[in-house]
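The file input.cif comes next; it holds mmCIF, C-alpha atoms and all ligand atoms; chains and numbers go by the auth columns.
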data_structure
loop_
_atom_site.group_PDB
_atom_site.id
_atom_site.type_symbol
_atom_site.label_atom_id
_atom_site.label_comp_id
_atom_site.label_asym_id
_atom_site.label_seq_id
_atom_site.Cartn_x
_atom_site.Cartn_y
_atom_site.Cartn_z
_atom_site.B_iso_or_equiv
_atom_site.auth_seq_id
_atom_site.auth_asym_id
ATOM 1 C CA MET A 1 -27.073 16.496 -1.378 0.00 13 A
ATOM 2 C CA ASP A 2 -27.038 12.717 -1.034 0.00 14 A
ATOM 3 C CA GLU A 3 -26.304 11.400 2.385 0.00 15 A
ATOM 4 C CA ARG A 4 -22.838 9.872 2.614 0.00 16 A
ATOM 5 C CA PHE A 5 -21.869 6.807 4.594 0.00 17 A
ATOM 6 C CA CYS A 6 -18.596 5.527 6.018 0.00 18 A
ATOM 7 C CA LEU A 7 -17.184 2.940 3.607 0.00 19 A
ATOM 8 C CA ILE A 8 -16.011 0.777 6.491 0.00 20 A
ATOM 9 C CA CYS A 9 -18.816 0.779 9.087 0.00 21 A
ATOM 10 C CA ASN A 10 -21.672 2.434 7.216 0.00 22 A
ATOM 11 C CA ALA A 11 -22.218 5.221 9.775 0.00 23 A
ATOM 12 C CA SER A 12 -23.562 8.442 8.342 0.00 24 A
ATOM 13 C CA LEU A 13 -20.834 10.879 7.416 0.00 25 A
ATOM 14 C CA ASP A 14 -23.126 13.869 7.526 0.00 26 A
ATOM 15 C CA GLU A 15 -23.574 13.959 11.262 0.00 27 A
ATOM 16 C CA ILE A 16 -21.140 16.242 12.950 0.00 28 A
ATOM 17 C CA HIS A 17 -19.437 14.429 15.814 0.00 29 A
ATOM 18 C CA SER A 18 -16.333 16.486 16.152 0.00 30 A
ATOM 19 C CA PHE A 19 -14.682 19.679 15.105 0.00 31 A
ATOM 20 C CA GLU A 20 -12.705 17.725 12.507 0.00 32 A
ATOM 21 C CA ASP A 21 -15.912 16.563 10.842 0.00 33 A
ATOM 22 C CA LEU A 22 -16.682 20.125 9.804 0.00 34 A
ATOM 23 C CA TYR A 23 -13.670 20.046 7.504 0.00 35 A
ATOM 24 C CA ALA A 24 -14.078 16.497 6.374 0.00 36 A
ATOM 25 C CA LYS A 25 -15.331 17.143 2.865 0.00 37 A
ATOM 26 C CA HIS A 26 -13.186 14.539 1.174 0.00 38 A
ATOM 27 C CA ARG A 27 -13.624 11.922 3.769 0.00 39 A
ATOM 28 C CA THR A 28 -14.847 8.453 2.891 0.00 40 A
ATOM 29 C CA ILE A 29 -14.724 7.073 6.447 0.00 41 A
ATOM 30 C CA CYS A 30 -16.006 8.231 9.829 0.00 42 A
ATOM 31 C CA THR A 31 -13.858 9.626 12.611 0.00 43 A
ATOM 32 C CA ASP A 32 -14.098 6.397 14.628 0.00 44 A
ATOM 33 C CA CYS A 33 -12.841 4.282 11.738 0.00 45 A
ATOM 34 C CA GLN A 34 -10.163 6.802 10.964 0.00 46 A
ATOM 35 C CA LYS A 35 -8.832 6.399 14.492 0.00 47 A
ATOM 36 C CA GLN A 36 -8.312 2.692 13.829 0.00 48 A
ATOM 37 C CA PHE A 37 -5.573 3.529 11.349 0.00 49 A
ATOM 38 C CA LYS A 38 -2.495 4.023 13.450 0.00 50 A
ATOM 39 C CA PRO A 39 0.356 5.320 11.338 0.00 51 A
ATOM 40 C CA ILE A 40 3.843 4.450 12.517 0.00 52 A
ATOM 41 C CA ARG A 41 5.527 6.555 9.834 0.00 53 A
ATOM 42 C CA LYS A 42 8.923 4.892 9.897 0.00 54 A
ATOM 43 C CA ILE A 43 11.791 5.071 7.462 0.00 55 A
ATOM 44 C CA PHE A 44 14.398 2.346 7.084 0.00 56 A
ATOM 45 C CA ARG A 45 17.606 2.504 5.119 0.00 57 A
ATOM 46 C CA ILE A 46 18.131 -0.842 3.454 0.00 58 A
ATOM 47 C CA GLN A 47 21.020 -1.254 1.030 0.00 59 A
ATOM 48 C CA ASN A 48 21.288 2.470 0.639 0.00 60 A
ATOM 49 C CA ARG A 49 17.638 2.890 -0.227 0.00 61 A
ATOM 50 C CA GLU A 50 14.886 4.398 1.911 0.00 62 A
ATOM 51 C CA TRP A 51 11.855 2.288 2.705 0.00 63 A
ATOM 52 C CA HIS A 52 8.960 4.439 3.932 0.00 64 A
ATOM 53 C CA ILE A 53 6.506 2.428 6.027 0.00 65 A
ATOM 54 C CA LEU A 54 3.177 4.051 6.838 0.00 66 A
ATOM 55 C CA TYR A 55 1.423 1.525 9.097 0.00 67 A
ATOM 56 C CA GLN A 56 2.244 -1.511 11.128 0.00 68 A
ATOM 57 C CA TYR A 57 0.174 -4.425 9.874 0.00 69 A
ATOM 58 C CA ASP A 58 -2.310 -5.196 12.663 0.00 70 A
ATOM 59 C CA ASP A 59 -5.624 -7.030 13.167 0.00 71 A
ATOM 60 C CA PHE A 60 -7.620 -4.066 11.950 0.00 72 A
ATOM 61 C CA LEU A 61 -5.664 -3.821 8.683 0.00 73 A
ATOM 62 C CA GLU A 62 -5.689 -7.579 8.260 0.00 74 A
ATOM 63 C CA ARG A 63 -9.500 -7.628 8.423 0.00 75 A
ATOM 64 C CA LEU A 64 -9.755 -4.649 6.128 0.00 76 A
ATOM 65 C CA PHE A 65 -7.388 -6.092 3.528 0.00 77 A
ATOM 66 C CA PHE A 66 -9.278 -9.369 3.689 0.00 78 A
ATOM 67 C CA ARG A 67 -12.538 -7.556 2.909 0.00 79 A
ATOM 68 C CA TYR A 68 -10.903 -5.551 0.170 0.00 80 A
ATOM 69 C CA LYS A 69 -8.826 -8.213 -1.545 0.00 81 A
ATOM 70 C CA GLU A 70 -10.417 -11.567 -0.811 0.00 82 A
ATOM 71 C CA GLN A 71 -14.045 -10.527 -0.480 0.00 83 A
ATOM 72 C CA ARG A 72 -13.479 -8.114 -3.321 0.00 84 A
ATOM 73 C CA ASP A 73 -14.973 -5.045 -1.670 0.00 85 A
ATOM 74 C CA ILE A 74 -13.453 -2.682 -4.199 0.00 86 A
ATOM 75 C CA LEU A 75 -15.324 0.293 -2.722 0.00 87 A
ATOM 76 C CA LEU A 76 -12.856 0.198 0.160 0.00 88 A
ATOM 77 C CA ALA A 77 -9.978 1.217 -2.113 0.00 89 A
ATOM 78 C CA PRO A 78 -9.792 4.908 -1.063 0.00 90 A
ATOM 79 C CA VAL A 79 -9.843 4.291 2.684 0.00 91 A
ATOM 80 C CA PHE A 80 -6.280 2.995 3.057 0.00 92 A
ATOM 81 C CA LEU A 81 -4.491 6.125 1.925 0.00 93 A
ATOM 82 C CA GLU A 82 -7.095 8.711 2.845 0.00 94 A
ATOM 83 C CA ARG A 83 -5.146 9.824 5.868 0.00 95 A
ATOM 84 C CA VAL A 84 -2.108 10.841 3.868 0.00 96 A
ATOM 85 C CA GLN A 85 -3.887 11.948 0.702 0.00 97 A
ATOM 86 C CA GLU A 86 -2.584 15.511 0.857 0.00 98 A
ATOM 87 C CA ARG A 87 1.018 14.399 0.647 0.00 99 A
ATOM 88 C CA LEU A 88 0.537 11.770 -2.018 0.00 100 A
ATOM 89 C CA LYS A 89 0.851 14.410 -4.724 0.00 101 A
ATOM 90 C CA ILE A 90 4.592 14.203 -4.246 0.00 102 A
ATOM 91 C CA MET A 91 4.476 10.745 -5.803 0.00 103 A
ATOM 92 C CA LYS A 92 3.765 12.390 -9.149 0.00 104 A
ATOM 93 C CA GLN A 93 7.461 13.243 -9.318 0.00 105 A
ATOM 94 C CA TYR A 94 8.110 9.548 -9.739 0.00 106 A
ATOM 95 C CA GLN A 95 7.159 6.676 -11.952 0.00 107 A
ATOM 96 C CA VAL A 96 5.254 4.700 -9.379 0.00 108 A
ATOM 97 C CA CYS A 97 5.768 0.986 -9.937 0.00 109 A
ATOM 98 C CA GLY A 98 3.994 -1.753 -8.071 0.00 110 A
ATOM 99 C CA LEU A 99 4.178 -5.446 -7.476 0.00 111 A
ATOM 100 C CA CYS A 100 0.916 -6.464 -8.993 0.00 112 A
ATOM 101 C CA SER A 101 -0.831 -9.818 -8.775 0.00 113 A
ATOM 102 C CA SER A 102 -0.375 -12.544 -11.308 0.00 114 A
ATOM 103 C CA ASP A 103 -2.780 -12.413 -14.256 0.00 115 A
ATOM 104 C CA GLN A 104 -4.588 -15.401 -12.823 0.00 116 A
ATOM 105 C CA HIS A 105 -5.231 -13.651 -9.529 0.00 117 A
ATOM 106 C CA ARG A 106 -6.338 -10.478 -11.234 0.00 118 A
ATOM 107 C CA LEU A 107 -8.789 -12.338 -13.439 0.00 119 A
ATOM 108 C CA TYR A 108 -10.203 -14.093 -10.427 0.00 120 A
ATOM 109 C CA ARG A 109 -10.590 -10.884 -8.453 0.00 121 A
ATOM 110 C CA GLY A 110 -11.665 -8.724 -11.329 0.00 122 A
ATOM 111 C CA PHE A 111 -9.473 -5.851 -10.183 0.00 123 A
ATOM 112 C CA GLU A 112 -5.892 -5.102 -9.212 0.00 124 A
ATOM 113 C CA PRO A 113 -5.899 -4.132 -5.520 0.00 125 A
ATOM 114 C CA LEU A 114 -2.644 -2.179 -5.557 0.00 126 A
ATOM 115 C CA ILE A 115 -3.549 -0.057 -8.564 0.00 127 A
ATOM 116 C CA GLU A 116 -6.983 0.779 -7.129 0.00 128 A
ATOM 117 C CA LEU A 117 -5.502 1.968 -3.807 0.00 129 A
ATOM 118 C CA PHE A 118 -3.727 4.841 -5.508 0.00 130 A
ATOM 119 C CA LYS A 119 -6.219 5.595 -8.272 0.00 131 A
ATOM 120 C CA PRO A 120 -8.612 7.745 -6.159 0.00 132 A
ATOM 121 C CA TYR A 121 -5.694 10.091 -5.503 0.00 133 A
ATOM 122 C CA GLY A 122 -4.674 10.428 -9.123 0.00 134 A
ATOM 123 C CA ILE A 123 -1.554 8.266 -8.848 0.00 135 A
ATOM 124 C CA GLU A 124 -1.024 5.787 -11.629 0.00 136 A
ATOM 125 C CA VAL A 125 0.736 2.589 -10.599 0.00 137 A
ATOM 126 C CA LEU A 126 2.759 0.962 -13.352 0.00 138 A
ATOM 127 C CA SER A 127 3.313 -2.733 -13.474 0.00 139 A
ATOM 128 C CA PRO A 128 6.654 -3.482 -15.170 0.00 140 A
ATOM 129 C CA LEU A 129 7.195 -6.789 -13.367 0.00 141 A
ATOM 130 C CA TYR A 130 5.409 -10.093 -13.437 0.00 142 A
ATOM 131 C CA LYS A 131 5.375 -13.214 -11.381 0.00 143 A
ATOM 132 C CA THR A 132 6.011 -16.350 -13.350 0.00 144 A
ATOM 133 C CA ASN A 133 4.083 -18.527 -10.958 0.00 145 A
ATOM 134 C CA PRO A 134 0.942 -17.541 -9.055 0.00 146 A
ATOM 135 C CA VAL A 135 2.020 -18.125 -5.454 0.00 147 A
ATOM 136 C CA LYS A 136 -0.025 -16.777 -2.632 0.00 148 A
ATOM 137 C CA GLN A 137 2.526 -15.466 -0.145 0.00 149 A
ATOM 138 C CA SER A 138 0.700 -16.156 3.077 0.00 150 A
ATOM 139 C CA ALA A 139 0.260 -19.789 2.127 0.00 151 A
ATOM 140 C CA GLN A 140 3.974 -20.323 1.597 0.00 152 A
ATOM 141 C CA SER A 141 6.667 -21.371 4.000 0.00 153 A
ATOM 142 C CA LYS A 142 9.541 -19.014 4.646 0.00 154 A
ATOM 143 C CA THR A 143 11.917 -20.908 2.372 0.00 155 A
ATOM 144 C CA LYS A 144 9.368 -20.927 -0.398 0.00 156 A
ATOM 145 C CA ARG A 145 8.750 -17.216 -0.044 0.00 157 A
ATOM 146 C CA LYS A 146 12.470 -16.681 -0.524 0.00 158 A
ATOM 147 C CA GLN A 147 12.159 -18.337 -3.903 0.00 159 A
ATOM 148 C CA ILE A 148 9.895 -15.541 -5.107 0.00 160 A
ATOM 149 C CA GLN A 149 13.073 -13.765 -6.062 0.00 161 A
ATOM 150 C CA ALA A 150 13.629 -16.333 -8.756 0.00 162 A
ATOM 151 C CA ILE A 151 10.194 -16.025 -10.248 0.00 163 A
ATOM 152 C CA LEU A 152 9.775 -12.256 -10.347 0.00 164 A
ATOM 153 C CA LYS A 153 10.695 -10.971 -13.777 0.00 165 A
ATOM 154 C CA ARG A 154 10.778 -7.760 -15.736 0.00 166 A
ATOM 155 C CA LYS A 155 8.279 -7.504 -18.601 0.00 167 A
ATOM 156 C CA GLU A 156 10.360 -7.268 -21.726 0.00 168 A
ATOM 157 C CA LEU A 157 8.128 -4.959 -23.711 0.00 169 A
ATOM 158 C CA TYR A 158 7.270 -2.652 -20.850 0.00 170 A
ATOM 159 C CA SER A 159 9.329 0.495 -21.171 0.00 171 A
ATOM 160 C CA LEU A 160 9.846 2.978 -18.388 0.00 172 A
ATOM 161 C CA SER A 161 10.920 6.607 -18.783 0.00 173 A
ATOM 162 C CA ASN A 162 13.989 8.205 -17.221 0.00 174 A
ATOM 163 C CA LYS A 163 11.983 9.525 -14.288 0.00 175 A
ATOM 164 C CA LYS A 164 13.076 8.219 -10.917 0.00 176 A
ATOM 165 C CA ILE A 165 11.206 5.157 -9.727 0.00 177 A
ATOM 166 C CA LEU A 166 9.159 4.764 -6.588 0.00 178 A
ATOM 167 C CA LEU A 167 8.346 1.162 -5.770 0.00 179 A
ATOM 168 C CA VAL A 168 5.080 0.714 -3.860 0.00 180 A
ATOM 169 C CA ASP A 169 3.374 -2.197 -2.170 0.00 181 A
ATOM 170 C CA ASP A 170 0.403 -2.642 0.109 0.00 182 A
ATOM 171 C CA VAL A 171 1.661 -5.197 2.616 0.00 183 A
ATOM 172 C CA CYS A 172 5.254 -6.168 3.329 0.00 184 A
ATOM 173 C CA THR A 173 5.374 -9.575 5.006 0.00 185 A
ATOM 174 C CA THR A 174 8.900 -10.944 4.579 0.00 186 A
ATOM 175 C CA GLY A 175 10.005 -8.238 2.181 0.00 187 A
ATOM 176 C CA SER A 176 11.448 -10.795 -0.218 0.00 188 A
ATOM 177 C CA SER A 177 9.272 -9.787 -3.176 0.00 189 A
ATOM 178 C CA LEU A 178 10.095 -6.136 -2.622 0.00 190 A
ATOM 179 C CA GLU A 179 13.801 -6.914 -2.355 0.00 191 A
ATOM 180 C CA ALA A 180 13.631 -8.853 -5.608 0.00 192 A
ATOM 181 C CA ALA A 181 11.789 -5.958 -7.235 0.00 193 A
ATOM 182 C CA CYS A 182 14.493 -3.559 -6.014 0.00 194 A
ATOM 183 C CA GLN A 183 17.087 -5.698 -7.792 0.00 195 A
ATOM 184 C CA LEU A 184 15.125 -5.570 -11.021 0.00 196 A
ATOM 185 C CA LEU A 185 14.023 -1.930 -10.997 0.00 197 A
ATOM 186 C CA ASN A 186 16.588 -0.095 -8.893 0.00 198 A
ATOM 187 C CA PRO A 187 14.000 2.327 -7.474 0.00 199 A
ATOM 188 C CA GLN A 188 14.952 5.571 -5.772 0.00 200 A
ATOM 189 C CA CYS A 189 12.866 4.551 -2.783 0.00 201 A
ATOM 190 C CA VAL A 190 10.163 2.217 -1.542 0.00 202 A
ATOM 191 C CA PHE A 191 6.750 3.058 -0.085 0.00 203 A
ATOM 192 C CA VAL A 192 4.871 0.394 1.840 0.00 204 A
ATOM 193 C CA LEU A 193 1.390 0.873 3.233 0.00 205 A
ATOM 194 C CA ALA A 194 1.759 -1.677 6.015 0.00 206 A
ATOM 195 C CA ALA A 195 4.652 -3.791 7.234 0.00 207 A
ATOM 196 C CA HIS A 196 4.343 -6.901 9.326 0.00 208 A
ATOM 197 C CA PRO A 197 5.537 -6.486 12.966 0.00 209 A
ATOM 198 C CA LYS A 198 8.130 -9.243 12.435 0.00 210 A
ATOM 199 C CA TRP A 199 9.607 -7.395 9.485 0.00 211 A
ATOM 200 C CA LEU A 200 9.691 -4.170 11.515 0.00 212 A
ATOM 201 C CA GLN A 201 11.451 -5.942 14.339 0.00 213 A
ATOM 202 C CA ALA A 202 13.983 -7.596 12.075 0.00 214 A
ATOM 203 C CA HIS A 203 14.871 -4.247 10.515 0.00 215 A
ATOM 204 C CA ALA A 204 14.717 -2.149 13.660 0.00 216 A
ATOM 205 C CA SER A 205 18.444 -1.380 13.542 0.00 217 A
ATOM 206 C CA MET A 206 18.041 0.090 10.058 0.00 218 A
ATOM 207 C CA GLY A 207 15.458 2.643 11.126 0.00 219 A
ATOM 208 C CA ILE A 208 16.482 6.237 10.540 0.00 220 A
ATOM 209 C CA GLU A 209 15.298 9.522 11.980 0.00 221 A
ATOM 210 C CA LYS A 210 14.076 11.556 9.086 0.00 222 A
ATOM 211 C CA LYS A 211 10.945 13.326 7.941 0.00 223 A
ATOM 212 C CA SER A 212 9.316 11.513 5.055 0.00 224 A
ATOM 213 C CA SER A 213 8.098 13.474 2.067 0.00 225 A
ATOM 214 C CA PHE A 214 5.186 11.049 1.698 0.00 226 A
ATOM 215 C CA TRP A 215 3.383 11.959 4.892 0.00 227 A
HETATM 216 ZN ZN ZN B . -16.827 4.143 10.140 0.00 301 B
#
When written as structure tokens, how does the structure in this file appear?
Amino acid sequence: MDERFCLICNASLDEIHSFEDLYAKHRTICTDCQKQFKPIRKIFRIQNREWHILYQYDDFLERLFFRYKEQRDILLAPVFLERVQERLKIMKQYQVCGLCSSDQHRLYRGFEPLIELFKPYGIEVLSPLYKTNPVKQSAQSKTKRKQIQAILKRKELYSLSNKKILLVDDVCTTGSSLEAACQLLNPQCVFVLAAHPKWLQAHASMGIEKKSSFW
């Protein structure tokens, strides 16, 4: 069998460091790197809709997303959701819709980061919305980010079935794009891989005690 290496740090995955390693057949990262992912597993009820947040966006995730999205290290795609892969099957009950990049961004990158995150786990992410103007969120001021609402549109020829909709995103910074997408798609619920600490703080009062079906 070919030797396998951690997709994040390159350590060999065939050495047994811990009891867990013995069962780690489907693992793409080493135990040390896995420990860097610190799930917060929080649910918020916002306008009568549940937002399931897996991680708090931190330095580790920021570096990893930079490698994945900006340095185009597409091989990293499976590492973000590996920890919850067993429960992801439940997403198949939904039409999973995502906020994908503008065509310009996708062409530049050569891949669609959000779609690739879910692909290793057999979840297809649909893209029924488009952004009319390629704005890079992090480079925008808060007021400008608010305007995203105005430029997110539904693709006219993109038909969805009657299945309930799950809206997914990788990083929630201000939440304005996701809120705009909720207006357009009316999803049953929202799943976010990582939310910015400021967003978590601002929505703290909306947190609810409930077990998520996604993890
Ligand atoms: Zn590693």
*asked:* Need the shell around region 46-50 of chain A: protein/DNA/RNA residues with any atom at most 9 Å away, counting only C-alpha atoms. Skip same-chain ones fewer than 3 positions apart. Format as a ChimeraX atom specification?
replied: /A:41-43,66-68,72-73,91-92,94-95
*Step by step, work through what the PyMOL selection byres (((not hetatm)) within 7 of (chain B and resi 301)) selects in the shown file, and finish by giving those residues as a ChimeraX atom specification.*
/A:18-23,41-45
*Carefully work through the PyMOL selection byres (((chain A and resi 63) around 6) and not hetatm) for this structure and note down the residues it includes, as a list in words.*
Ile55, Phe56, Glu62, His64, Val202 and Phe203 of chain A
Keeping C-alpha atoms for every residue in the selection just given, could you write it to a file as a compact mmCIF listing (two decimals), in the coordinates of the input?
# COMPACT_ATOMS: atom_id res chain seq x y z
CA ILE A 55 11.79 5.07 7.46
CA PHE A 56 14.40 2.35 7.08
CA GLU A 62 14.89 4.40 1.91
CA HIS A 64 8.96 4.44 3.93
CA VAL A 202 10.16 2.22 -1.54
CA PHE A 203 6.75 3.06 -0.08
*Decode the PyMOL selection byres (((chain A and resi 215) around 12) and not hetatm) for the given file into explicit residues and return them as a PyMOL selection string.*
chain A and resi 54-59+63+65+186-187+207-214+216-220
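In this structure, CA of Ser114 (chain A) sits 5.8 Å away from CA of Lys143 (chain A).
Comparing the minimum interatomic distances between Asn174 (chain A) and each of A:Cys112, A:Pro199, A:Phe17, A:Ser139, counting all atoms listed in the file, we find that A:Pro199 sits nearest.
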Around all the atoms of region 82-85 of chain A listed in the file, with 5 Å of room on each side, what axis-aligned box do you get, giving centre and edge lengths in Å to one decimal, as AutoDock Vina command-line options?
--center_x -12.7 --center_y -8.3 --center_z -1.9 --size_x 14.6 --size_y 16.5 --size_z 12.8
*Would you mind reading off the distance between CA of Ile177 (chain A) and CA of Val108 (chain A), one decimal, in Å?*
6.0 Å
*Rank A:Ser171, A:Ser188, A:Ser224, A:Gln200 by their smallest atom-to-atom distance to Tyr106 (chain A), using only C-alpha atoms, and report the top residue only.*
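Comparing A:Ser171, A:Ser188, A:Ser224, A:Gln200 against Tyr106 (chain A), the winner is A:Gln200.
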*Shell of 7 Å around Val183 (chain A), only C-alpha atoms, local chain residues under 4 positions omitted, as a PyMOL selection string*: chain A and resi 204-207
*Find the residues around Gln105 (chain A) up to 10 Å (all atoms listed in the file counted), leave out those fewer than 4 positions away in its own chain, and share them as an MDAnalysis selection string.*
chainID A and resid 101 175:178
*asked:* Could you list, as a list in words, every residue within 9 Å of Ala193 (chain A), counting only C-alpha atoms and ignoring same-chain residues fewer than 2 positions away?
replied: Gly110, Leu111, Leu141, Gln161, Leu164, Lys165, Arg166, Leu179, Ser188, Ser189, Leu190, Glu191, Gln195, Leu196, Leu197, Asn198 and Pro199 of chain A
